[in-house]
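Trainee: target_7.cif is reproduced in full below (mmCIF, C-alpha atoms).
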data_input
loop_
_atom_site.label_atom_id
_atom_site.label_comp_id
_atom_site.auth_asym_id
_atom_site.auth_seq_id
_atom_site.Cartn_x
_atom_site.Cartn_y
_atom_site.Cartn_z
CA MET A 1 111.62 75.61 196.71
CA PHE A 2 114.66 77.61 197.76
CA SER A 3 117.18 79.63 195.81
CA SER A 4 120.61 80.93 196.76
CA ARG A 5 119.94 84.40 195.32
CA PRO A 6 120.33 86.94 198.13
CA ILE A 7 117.39 89.03 199.29
CA ASP A 8 118.17 92.74 199.08
CA ARG A 9 116.20 94.95 201.45
CA ARG A 10 117.23 97.98 199.40
CA ALA A 11 114.80 96.83 196.75
CA PHE A 12 112.11 97.91 199.19
CA LEU A 13 113.68 100.51 201.49
CA GLN A 14 116.09 103.24 200.48
CA GLY A 15 117.30 103.86 204.00
CA ILE A 16 116.56 106.42 206.65
CA GLY A 17 116.63 109.87 205.11
CA GLY A 18 117.45 108.48 201.68
CA MET A 19 114.02 108.82 200.15
CA ALA A 20 113.49 111.49 197.51
CA LEU A 21 110.43 113.53 198.47
CA ALA A 22 109.39 116.90 197.12
CA LEU A 23 109.84 119.79 199.51
CA PRO A 24 106.63 121.28 200.88
CA VAL A 25 105.16 124.21 198.98
CA LEU A 26 105.15 127.15 201.37
CA GLU A 27 103.72 130.66 201.12
CA ALA A 28 107.29 131.96 200.78
CA MET A 29 107.41 130.28 197.38
CA GLY A 30 104.98 132.80 195.98
CA ALA A 31 101.30 133.71 196.17
CA GLU A 32 100.50 132.04 192.87
CA VAL A 33 101.31 128.60 194.31
CA ALA A 34 100.37 129.14 197.94
CA GLY A 35 97.03 130.73 197.02
CA GLN A 36 95.72 127.73 195.12
CA VAL A 37 92.59 126.14 196.52
CA PRO A 38 93.30 122.59 197.72
CA ARG A 39 91.91 119.82 195.49
CA ARG A 40 91.19 116.74 197.58
CA PHE A 41 90.07 113.16 197.11
CA CYS A 42 88.42 110.74 199.54
CA ALA A 43 87.40 107.14 198.74
CA LEU A 44 84.94 105.32 201.02
CA TYR A 45 84.34 101.62 200.49
CA THR A 46 81.70 99.26 201.82
CA ALA A 47 81.88 95.53 201.19
CA ASN A 48 79.28 93.02 199.98
CA GLY A 49 77.45 95.40 197.66
CA MET A 50 74.31 97.42 198.33
CA SER A 51 70.71 96.35 198.68
CA LEU A 52 68.98 96.10 195.30
CA PRO A 53 65.78 94.22 196.24
CA ARG A 54 64.12 91.86 193.80
CA ALA A 55 61.10 93.28 192.01
CA GLU A 56 58.81 90.48 193.21
CA HIS A 57 59.26 91.57 196.84
CA GLY A 58 57.62 94.94 196.16
CA ILE A 59 60.11 97.03 198.13
CA ASP A 60 61.68 99.05 195.30
CA GLU A 61 61.63 102.10 197.56
CA TRP A 62 64.45 100.42 199.54
CA SER A 63 66.75 100.13 196.51
CA TRP A 64 70.10 101.84 196.98
CA PHE A 65 69.86 103.18 193.41
CA PRO A 66 67.00 105.70 193.10
CA LYS A 67 64.08 104.07 191.27
CA ALA A 68 61.61 106.92 190.90
CA GLU A 69 61.43 110.47 189.54
CA GLN A 70 59.35 113.44 190.60
CA ASN A 71 59.24 116.82 188.86
CA GLY A 72 62.22 115.81 186.73
CA GLU A 73 64.39 114.88 189.71
CA PHE A 74 65.29 111.47 191.10
CA VAL A 75 63.70 110.44 194.38
CA PHE A 76 66.02 109.14 197.09
CA GLY A 77 65.24 105.62 198.22
CA LYS A 78 64.64 104.93 201.89
CA SER A 79 68.14 103.57 202.37
CA THR A 80 69.77 106.75 201.02
CA GLU A 81 67.24 109.30 202.30
CA PRO A 82 69.68 110.72 204.91
CA LEU A 83 71.72 112.03 201.96
CA SER A 84 68.82 114.08 200.56
CA PRO A 85 69.99 117.41 202.07
CA TYR A 86 73.00 117.15 199.74
CA ARG A 87 71.07 116.55 196.51
CA ASN A 88 72.91 119.41 194.81
CA GLN A 89 76.26 118.08 196.03
CA LEU A 90 76.02 114.45 194.93
CA SER A 91 75.10 112.09 192.10
CA PHE A 92 74.49 108.35 191.66
CA LEU A 93 76.18 106.38 188.87
CA GLY A 94 75.19 102.91 187.69
CA GLY A 95 76.53 100.58 185.02
CA LEU A 96 80.17 100.84 186.13
CA TYR A 97 82.45 97.81 186.24
CA HIS A 98 86.08 96.68 186.02
CA PRO A 99 86.77 94.42 183.00
CA SER A 100 88.96 92.21 185.23
CA GLY A 101 86.21 91.88 187.81
CA PRO A 102 84.10 89.13 186.19
CA LYS A 103 87.27 87.09 185.54
CA SER A 104 88.52 87.11 189.13
CA ASP A 105 87.63 85.63 192.49
CA PRO A 106 84.56 87.68 193.49
CA HIS A 107 85.87 87.99 197.05
CA VAL A 108 88.78 90.21 195.95
CA CYS A 109 86.61 92.96 194.46
CA SER A 110 87.77 95.36 197.17
CA ASP A 111 91.39 94.80 196.09
CA MET A 112 90.78 96.10 192.58
CA TRP A 113 88.12 98.71 193.41
CA LEU A 114 90.56 101.65 193.25
CA THR A 115 93.05 100.01 190.91
CA GLY A 116 91.19 98.24 188.10
CA ALA A 117 94.02 95.74 188.36
CA PRO A 118 94.89 93.69 185.29
CA LEU A 119 94.36 90.03 186.02
CA HIS A 120 97.83 88.74 185.16
CA ASN A 121 97.98 86.81 188.44
CA PRO A 122 94.66 85.79 189.97
CA LYS A 123 96.01 85.09 193.45
CA PRO A 124 94.59 87.65 195.90
CA GLY A 125 97.09 90.16 197.19
CA THR A 126 99.72 89.47 194.50
CA TYR A 127 98.41 90.92 191.26
CA ASN A 128 97.59 94.53 191.97
CA SER A 129 98.55 97.88 190.48
CA VAL A 130 98.54 101.42 191.85
CA GLY A 131 95.37 102.75 193.44
CA LEU A 132 93.68 105.98 192.43
CA ASP A 133 94.32 107.51 195.87
CA GLN A 134 98.06 106.98 195.56
CA VAL A 135 98.16 108.64 192.14
CA VAL A 136 96.45 111.60 193.78
CA ALA A 137 98.93 111.48 196.68
CA LEU A 138 101.87 111.43 194.27
CA HIS A 139 100.73 114.75 192.80
CA THR A 140 99.59 116.46 196.02
CA LYS A 141 102.10 115.39 198.67
CA GLN A 142 104.31 118.44 198.20
CA TYR A 143 101.44 120.65 199.37
CA CYS A 144 100.66 118.93 202.66
CA ARG A 145 102.17 117.23 205.69
CA GLN A 146 101.09 113.67 204.90
CA PRO A 147 101.03 112.16 201.39
CA SER A 148 97.90 110.16 202.20
CA LEU A 149 95.79 108.84 205.03
CA VAL A 150 94.84 105.15 204.78
CA LEU A 151 92.09 103.98 207.14
CA SER A 152 90.17 100.75 207.55
CA ILE A 153 87.78 99.10 209.97
CA ASP A 154 90.63 96.63 210.57
CA ALA A 155 94.22 97.82 210.87
CA GLY A 156 97.10 96.63 208.70
CA THR A 157 96.72 94.93 205.34
CA GLY A 158 94.72 91.89 206.40
CA PHE A 159 96.10 88.76 204.79
CA LEU A 160 96.73 87.56 201.27
CA SER A 161 93.32 86.01 200.67
CA ARG A 162 91.32 88.90 202.12
CA THR A 163 93.09 92.23 202.30
CA GLY A 164 92.06 94.83 204.86
CA THR A 165 92.96 97.96 202.89
CA ILE A 166 91.80 99.51 199.64
CA SER A 167 95.01 101.50 199.12
CA TYR A 168 97.79 100.13 196.90
CA SER A 169 101.23 101.64 196.34
CA LEU A 170 102.85 102.60 193.05
CA GLU A 171 104.21 99.04 192.98
CA GLY A 172 100.76 97.54 193.60
CA ARG A 173 101.47 96.47 197.19
CA PRO A 174 98.80 96.92 199.88
CA ILE A 175 99.40 99.92 202.13
CA PRO A 176 98.65 99.22 205.81
CA ALA A 177 95.57 100.94 207.18
CA GLU A 178 95.04 102.48 210.61
CA ASN A 179 91.85 101.97 212.60
CA ASN A 180 92.52 103.46 216.04
CA PRO A 181 91.12 107.03 216.40
CA ARG A 182 93.67 108.09 219.02
CA ARG A 183 96.61 106.88 216.93
CA VAL A 184 95.17 108.62 213.89
CA PHE A 185 94.77 111.85 215.87
CA ASN A 186 98.29 111.69 217.27
CA ARG A 187 99.74 111.02 213.85
CA LEU A 188 97.87 113.94 212.28
CA PHE A 189 97.92 116.60 214.99
CA ARG A 190 100.73 115.79 217.43
CA GLY A 191 103.76 115.51 215.22
CA ASP A 192 106.17 117.16 217.65
CA ARG A 193 109.89 116.36 217.68
CA ALA A 194 109.64 113.96 220.61
CA SER A 195 106.88 111.84 219.05
CA LEU A 196 108.61 111.78 215.68
CA GLN A 197 111.88 110.67 217.27
CA SER A 198 110.07 107.92 219.14
CA GLU A 199 108.53 106.66 215.89
CA ARG A 200 111.88 106.86 214.11
CA ASP A 201 113.60 104.86 216.87
CA ALA A 202 110.91 102.19 216.60
CA LEU A 203 111.31 102.12 212.82
CA LYS A 204 115.09 101.65 213.14
CA ARG A 205 114.54 98.71 215.48
CA GLN A 206 112.13 97.11 213.00
CA ILE A 207 114.55 97.60 210.10
CA LYS A 208 117.38 96.09 212.16
CA LEU A 209 115.21 93.04 212.82
CA VAL A 210 114.37 92.68 209.11
CA ASP A 211 118.07 92.94 208.24
CA ALA A 212 118.82 90.16 210.74
CA VAL A 213 116.18 87.87 209.23
CA ILE A 214 117.44 88.50 205.69
CA GLU A 215 121.08 88.03 206.70
CA SER A 216 120.21 84.73 208.35
CA ALA A 217 118.39 83.50 205.25
CA ASN A 218 121.27 84.53 202.97
CA SER A 219 123.93 82.99 205.19
CA LEU A 220 122.25 79.62 204.74
CA GLN A 221 122.17 80.26 200.98
CA GLN A 222 118.42 79.86 201.10
CA ARG A 223 115.66 82.06 199.85
CA LEU A 224 112.50 82.51 201.89
CA GLY A 225 109.60 80.36 200.72
CA LYS A 226 107.07 82.00 198.43
CA THR A 227 104.45 82.57 201.10
CA ASP A 228 107.02 83.96 203.55
CA ARG A 229 108.43 86.16 200.79
CA GLU A 230 104.99 87.62 200.12
CA ARG A 231 104.52 88.30 203.82
CA MET A 232 107.94 89.96 203.96
CA ASP A 233 107.03 92.11 200.95
CA GLN A 234 103.95 93.39 202.76
CA TYR A 235 105.91 94.02 205.96
CA LEU A 236 108.60 95.95 204.10
CA THR A 237 105.92 97.97 202.34
CA SER A 238 104.57 98.85 205.77
CA LEU A 239 108.00 100.04 206.94
CA ASN A 240 108.46 101.98 203.73
CA GLU A 241 105.14 103.74 204.31
CA VAL A 242 106.11 104.68 207.88
CA GLU A 243 109.48 105.99 206.73
CA SER A 244 107.95 108.10 203.97
CA ARG A 245 105.45 109.58 206.40
CA LEU A 246 108.12 110.42 208.98
CA ILE A 247 110.30 112.18 206.45
CA SER A 248 107.33 114.22 205.25
CA SER A 249 106.35 115.13 208.83
CA GLU A 250 109.87 116.29 209.67
CA GLN A 251 109.87 118.69 206.73
CA TRP A 252 106.83 120.46 208.23
CA ILE A 253 107.81 120.29 211.91
CA ASP A 254 108.41 124.03 212.33
CA ILE A 255 105.31 125.14 210.42
CA PRO A 256 102.33 125.64 212.77
CA LEU A 257 99.09 123.79 212.15
CA LYS A 258 95.84 125.61 211.57
CA LYS A 259 94.04 126.16 214.88
CA GLN A 260 91.04 123.85 215.17
CA GLU A 261 88.47 122.70 217.69
CA TYR A 262 88.89 119.09 218.82
CA SER A 263 86.62 118.98 221.86
CA HIS A 264 83.88 117.06 220.03
CA LEU A 265 86.20 114.11 219.39
CA ASP A 266 85.94 111.00 221.55
CA LEU A 267 89.28 109.33 220.91
CA ASN A 268 88.45 106.47 223.27
CA VAL A 269 85.90 104.90 220.92
CA THR A 270 86.92 101.67 219.23
CA ASN A 271 85.59 99.46 216.49
CA GLU A 272 84.43 97.07 219.22
CA GLY A 273 81.95 99.58 220.65
CA ALA A 274 78.97 101.41 219.16
CA PRO A 275 79.32 101.40 215.34
CA ALA A 276 77.87 104.89 214.80
CA GLU A 277 80.17 106.50 217.37
CA TYR A 278 83.20 104.82 215.86
CA TYR A 279 82.41 105.74 212.25
CA ARG A 280 81.57 109.34 213.11
CA THR A 281 84.79 109.82 215.03
CA MET A 282 86.79 108.49 212.09
CA PHE A 283 84.89 110.74 209.68
CA ASP A 284 85.46 113.72 211.99
CA LEU A 285 89.20 113.01 211.88
CA ILE A 286 89.18 112.89 208.07
CA ALA A 287 87.29 116.18 207.90
CA LEU A 288 89.72 117.83 210.32
CA ALA A 289 92.69 116.53 208.31
CA PHE A 290 91.23 118.04 205.14
CA ASP A 291 90.40 121.31 206.88
CA ALA A 292 93.97 121.68 208.18
CA ASP A 293 95.32 120.58 204.77
CA ILE A 294 97.34 117.82 206.42
CA THR A 295 96.60 115.52 203.50
CA ARG A 296 94.64 115.64 200.26
CA SER A 297 94.22 111.92 199.71
CA VAL A 298 92.23 109.65 202.04
CA THR A 299 90.81 106.13 201.84
CA PHE A 300 88.51 104.54 204.40
CA MET A 301 87.45 100.90 204.12
CA LEU A 302 84.19 100.75 206.10
CA ASN A 303 83.73 96.99 205.82
CA ARG A 304 85.71 93.96 204.62
CA GLU A 305 84.54 91.38 202.11
CA ASP A 306 83.16 87.92 202.75
CA GLY A 307 82.32 88.23 206.43
CA MET A 308 85.86 89.09 207.46
CA GLY A 309 86.65 91.65 210.12
CA ILE A 310 84.85 93.05 213.13
CA SER A 311 82.36 95.14 211.15
CA ASP A 312 80.56 92.00 209.96
CA THR A 313 78.79 92.00 213.34
CA PHE A 314 77.74 95.66 213.16
CA PRO A 315 74.22 94.91 211.82
CA ILE A 316 73.59 92.66 214.84
CA LYS A 317 74.74 95.45 217.17
CA LEU A 318 72.19 97.69 215.44
CA GLY A 319 69.37 95.23 216.08
CA LEU A 320 69.29 93.60 212.64
CA PRO A 321 68.88 89.82 212.43
CA SER A 322 72.19 88.74 210.92
CA THR A 323 75.75 89.66 210.02
CA HIS A 324 76.60 91.97 207.13
CA HIS A 325 77.81 89.23 204.81
CA SER A 326 74.84 86.98 205.57
CA LEU A 327 72.42 89.84 204.90
CA SER A 328 74.03 90.42 201.51
CA HIS A 329 73.14 86.82 200.58
CA ALA A 330 69.51 87.11 201.68
CA GLU A 331 67.01 86.20 198.99
CA ASP A 332 63.75 86.55 200.90
CA LYS A 333 61.94 89.84 201.50
CA PRO A 334 62.73 90.18 205.25
CA GLY A 335 66.42 89.54 204.63
CA GLN A 336 66.69 92.01 201.75
CA LEU A 337 64.82 94.60 203.79
CA ALA A 338 67.25 94.13 206.69
CA PHE A 339 70.18 94.50 204.29
CA ALA A 340 68.68 97.78 203.05
CA LYS A 341 68.35 98.99 206.62
CA TYR A 342 72.08 98.51 207.10
CA ASP A 343 72.59 100.60 203.94
CA LEU A 344 70.41 103.20 205.67
CA PHE A 345 72.75 103.16 208.66
CA LEU A 346 75.78 103.67 206.40
CA SER A 347 74.01 106.53 204.59
CA GLN A 348 73.50 108.22 207.95
CA GLN A 349 77.25 108.06 208.58
CA ILE A 350 78.09 109.39 205.10
CA SER A 351 75.60 112.22 205.64
CA HIS A 352 77.40 113.12 208.87
CA PHE A 353 80.70 113.22 206.96
CA LEU A 354 79.29 115.48 204.24
CA ASP A 355 77.90 117.77 206.93
CA ARG A 356 81.38 118.10 208.46
CA LEU A 357 82.95 118.86 205.09
CA THR A 358 80.28 121.50 204.49
CA HIS A 359 80.93 123.02 207.90
CA TYR A 360 84.65 123.58 207.28
CA GLN A 361 85.60 126.40 204.96
CA ASP A 362 88.37 127.08 202.48
CA ARG A 363 88.91 130.68 201.38
CA ASP A 364 85.69 131.23 199.45
CA SER A 365 83.92 127.88 199.57
CA SER A 366 83.37 124.83 201.72
CA VAL A 367 85.84 121.98 201.99
CA LEU A 368 83.21 119.72 200.39
CA GLU A 369 83.11 121.89 197.28
CA ASN A 370 86.84 121.30 196.80
CA THR A 371 86.79 117.60 197.68
CA ILE A 372 85.68 114.72 195.47
CA VAL A 373 84.17 112.00 197.67
CA LEU A 374 83.79 108.56 196.07
CA TYR A 375 81.53 106.10 197.90
CA GLY A 376 80.75 102.65 196.63
CA SER A 377 81.33 98.93 196.58
CA GLY A 378 83.13 96.40 194.42
CA ALA A 379 79.93 94.37 193.94
CA SER A 380 76.28 95.13 193.31
CA THR A 381 74.22 92.15 194.37
CA THR A 382 75.91 89.15 195.99
CA HIS A 383 79.49 88.96 194.65
CA ASN A 384 78.37 90.43 191.31
CA PRO A 385 81.17 92.69 189.97
CA ARG A 386 78.90 94.55 187.52
CA ASN A 387 76.70 97.64 187.88
CA LEU A 388 78.81 98.75 190.84
CA PRO A 389 76.88 101.03 193.21
CA THR A 390 78.71 104.34 193.04
CA LEU A 391 78.08 107.77 194.53
CA ILE A 392 80.11 110.88 193.79
CA ALA A 393 79.79 113.81 196.19
CA GLY A 394 81.38 117.25 196.39
CA GLY A 395 83.76 118.77 193.90
CA THR A 396 81.40 121.47 192.63
CA GLY A 397 84.24 123.95 193.07
CA LEU A 398 86.31 121.70 190.79
CA GLY A 399 83.75 121.70 187.99
CA LEU A 400 81.45 118.80 188.90
CA LYS A 401 77.71 119.20 188.36
CA HIS A 402 75.38 117.26 190.64
CA GLY A 403 71.81 116.23 191.24
CA HIS A 404 71.93 113.34 188.77
CA CYS A 405 71.17 109.63 188.80
CA LEU A 406 72.89 108.23 185.72
CA GLN A 407 72.38 104.61 184.71
CA ALA A 408 74.39 104.02 181.56
CA GLY A 409 75.27 100.81 179.81
CA GLU A 410 78.43 99.02 180.90
CA THR A 411 81.11 101.67 181.50
CA ARG A 412 84.65 101.12 182.70
CA MET A 413 85.20 102.25 186.26
CA SER A 414 88.64 103.44 185.22
CA ASN A 415 87.01 105.99 182.90
CA LEU A 416 85.39 107.49 186.00
CA TYR A 417 88.77 107.51 187.73
CA LEU A 418 90.42 109.28 184.83
CA SER A 419 87.63 111.88 184.98
CA ILE A 420 88.30 112.37 188.69
CA LEU A 421 92.02 112.86 188.06
CA ARG A 422 91.31 115.44 185.36
CA SER A 423 88.94 117.29 187.74
CA LEU A 424 91.76 117.37 190.30
CA GLU A 425 94.02 118.83 187.57
CA ILE A 426 96.30 115.80 187.68
CA PRO A 427 97.76 115.40 184.18
CA ARG A 428 97.20 111.74 183.34
CA GLU A 429 96.46 110.49 179.84
CA SER A 430 95.02 107.24 181.18
CA PHE A 431 94.43 105.24 184.34
CA ALA A 432 94.55 101.44 184.48
CA ASP A 433 92.42 100.20 181.54
CA SER A 434 90.61 103.48 180.87
CA THR A 435 89.65 104.31 177.31
CA SER A 436 88.48 107.91 177.83
CA THR A 437 86.98 110.25 180.37
CA LEU A 438 83.23 110.13 181.05
CA SER A 439 80.97 112.21 178.86
CA ASN A 440 78.05 112.91 181.15
CA ALA A 441 76.37 115.71 183.04
CA ILE A 442 78.55 115.31 186.12
CA PHE A 443 81.91 115.72 184.39
CA SER A 444 80.80 117.96 181.55
CA ARG A 445 83.73 120.32 182.15
CA VAL A 446 86.40 117.61 182.11
#
Since I need it in another form, could you write the structure as structure tokens?
Mentor:
Amino acid sequence: MFSSRPIDRRAFLQGIGGMALALPVLEAMGAEVAGQVPRRFCALYTANGMSLPRAEHGIDEWSWFPKAEQNGEFVFGKSTEPLSPYRNQLSFLGGLYHPSGPKSDPHVCSDMWLTGAPLHNPKPGTYNSVGLDQVVALHTKQYCRQPSLVLSIDAGTGFLSRTGTISYSLEGRPIPAENNPRRVFNRLFRGDRASLQSERDALKRQIKLVDAVIESANSLQQRLGKTDRERMDQYLTSLNEVESRLISSEQWIDIPLKKQEYSHLDLNVTNEGAPAEYYRTMFDLIALAFDADITRSVTFMLNREDGMGISDTFPIKLGLPSTHHSLSHAEDKPGQLAFAKYDLFLSQQISHFLDRLTHYQDRDSSVLENTIVLYGSGASTTHNPRNLPTLIAGGTGLGLKHGHCLQAGETRMSNLYLSILRSLEIPRESFADSTSTLSNAIFSRV
């Protein structure tokens, strides 16, 4: 169970100030670089699939996927109707899946949603590969203050059997998420020297503690047990993420932020209060971060799988009869209708987010036009990892064409991700298990 091989923290951390990060691209570097329109990516995930009612219940109009056409255009279902003002800025895609999905524990579909992870180790939390958002961050971090912004309804990484983040590092380790609006705001907009020094002092204390634990284990010529080692890996990944963010922030400390209006934010809301107020505050923070070009890569996990996390009770707070996970298992008409009504609530929040992105402007277009928003789930019906409900919004300034509802045969999700990377002008020949880019009306220019 134990080995005498020493544990080397340097395998995870390169030391304060020792990390190689690209310098920020400033206007002084030339108009050709500084004048480029930002290309952004935002991934929004909801757990437990979407409502796709059974035909025998006669409520097709509540299907998350549009089921009808009128005058050559798809008709929004009742659960997605709040998104109808953005018809020309969004499209629905069906038939997508990850080849590893049907072979894995269905409860880990959120883990592989952005990664398409190969299933070489089926244990949750130990088998993953890099997420799409972190590939984007790798190519955009030199242009902005923060490489990426990782958010979740529950902070941290969760635990090995049910992770609480959809973002995975270049090494496939879960990146801790933040869920407190005030902490997110302070991190994004109050990066003064005093606050950065305070964070750096706290980081040094944490690293010193880790060193002490490792030294103690090595002095006894014992290796941490497998489970403890996995926990330590996640903790070190968390410290690594903090260190990377601090170094990036310090490079930009003397460059003023874009002036913005924050008075509409209620930073006292929490995930234990009103769900709509919490989600909208978090979406407002993402929109502000994009508008100020603080980051160009964001993930937000709206719900966790399998009834885990505080958001499982949100439907009850909204007056629905059961928890989110229980609703996703409903087989009768009332239960499936209630599940669809929670989808309706989520669509209202996404609509609010798209409205914010439309409100903020880049040089000659809206922030939404230069941002690809991916919204979806790692399952369709209960724990089914096929025909993944997927919505793509924005990106018309990057070549995307919208107003479509495309239901193809089985198509690799990673092909969609490669198409997104190409639209963001990120030079990748492949992503995960992709075989090509998508050939459809949305990505016709890719």
Trainee: I need the residue set behind the PyMOL selection byres ((chain A and resi 169) around 9) for this file; please write it as a list of chain:residue names.
Mentor: A:Ser129, A:Val130, A:Gly131, A:Gln134, A:Val135, A:Ser167, A:Tyr168, A:Leu170, A:Glu171, A:Gly172, A:Arg173, A:Pro174, A:Ile175, A:Thr237
Trainee: Identify all residues satisfying the PyMOL selection byres ((chain A and resi 282) around 9) in the given file; provide them as a PyMOL selection string.
Mentor: chain A and resi 151+179-181+184+277-281+283-287+300
Trainee: Filtering to C-alpha atoms, could you give me those residues as a PDB file, in the frame of the given file?
Mentor:
ATOM      1  CA  LEU A 151      92.090 103.980 207.140  1.00  0.00           C
ATOM      2  CA  ASN A 179      91.850 101.970 212.600  1.00  0.00           C
ATOM      3  CA  ASN A 180      92.520 103.460 216.040  1.00  0.00           C
ATOM      4  CA  PRO A 181      91.120 107.030 216.400  1.00  0.00           C
ATOM      5  CA  VAL A 184      95.170 108.620 213.890  1.00  0.00           C
ATOM      6  CA  GLU A 277      80.170 106.500 217.370  1.00  0.00           C
ATOM      7  CA  TYR A 278      83.200 104.820 215.860  1.00  0.00           C
ATOM      8  CA  TYR A 279      82.410 105.740 212.250  1.00  0.00           C
ATOM      9  CA  ARG A 280      81.570 109.340 213.110  1.00  0.00           C
ATOM     10  CA  THR A 281      84.790 109.820 215.030  1.00  0.00           C
ATOM     11  CA  PHE A 283      84.890 110.740 209.680  1.00  0.00           C
ATOM     12  CA  ASP A 284      85.460 113.720 211.990  1.00  0.00           C
ATOM     13  CA  LEU A 285      89.200 113.010 211.880  1.00  0.00           C
ATOM     14  CA  ILE A 286      89.180 112.890 208.070  1.00  0.00           C
ATOM     15  CA  ALA A 287      87.290 116.180 207.900  1.00  0.00           C
ATOM     16  CA  PHE A 300      88.510 104.540 204.400  1.00  0.00           C
TER      17      PHE A 300
END
Trainee: Go through A:Thr46, A:Ser419, A:Thr140, A:Thr80 one by one, measure the shortest atom-to-atom distance of each to Gly164 of chain A using only C-alpha atoms, and give the residue with the smallest value.
Mentor: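 Counting only C-alpha atoms, the residue closest to Gly164 of chain A is A:Thr46.
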Trainee: Selection in question (the file shown): the PyMOL selection byres ((chain A and resi 324) around 9). Which residues does it include, as an MDAnalysis selection string?
Mentor: chainID A and resid 47:48 303 306:307 311:316 322:323 325:328 339 342
Trainee: Would you kindly return, as a PyMOL selection string, each protein, DNA or RNA residue with an atom no farther than 7 Å from any atom of segment 372-383 of chain A, considering only C-alpha atoms and excluding same-chain residues fewer than 4 positions away?
Mentor: chain A and resi 40-52+106-107+109-110+113+328-329+387-395
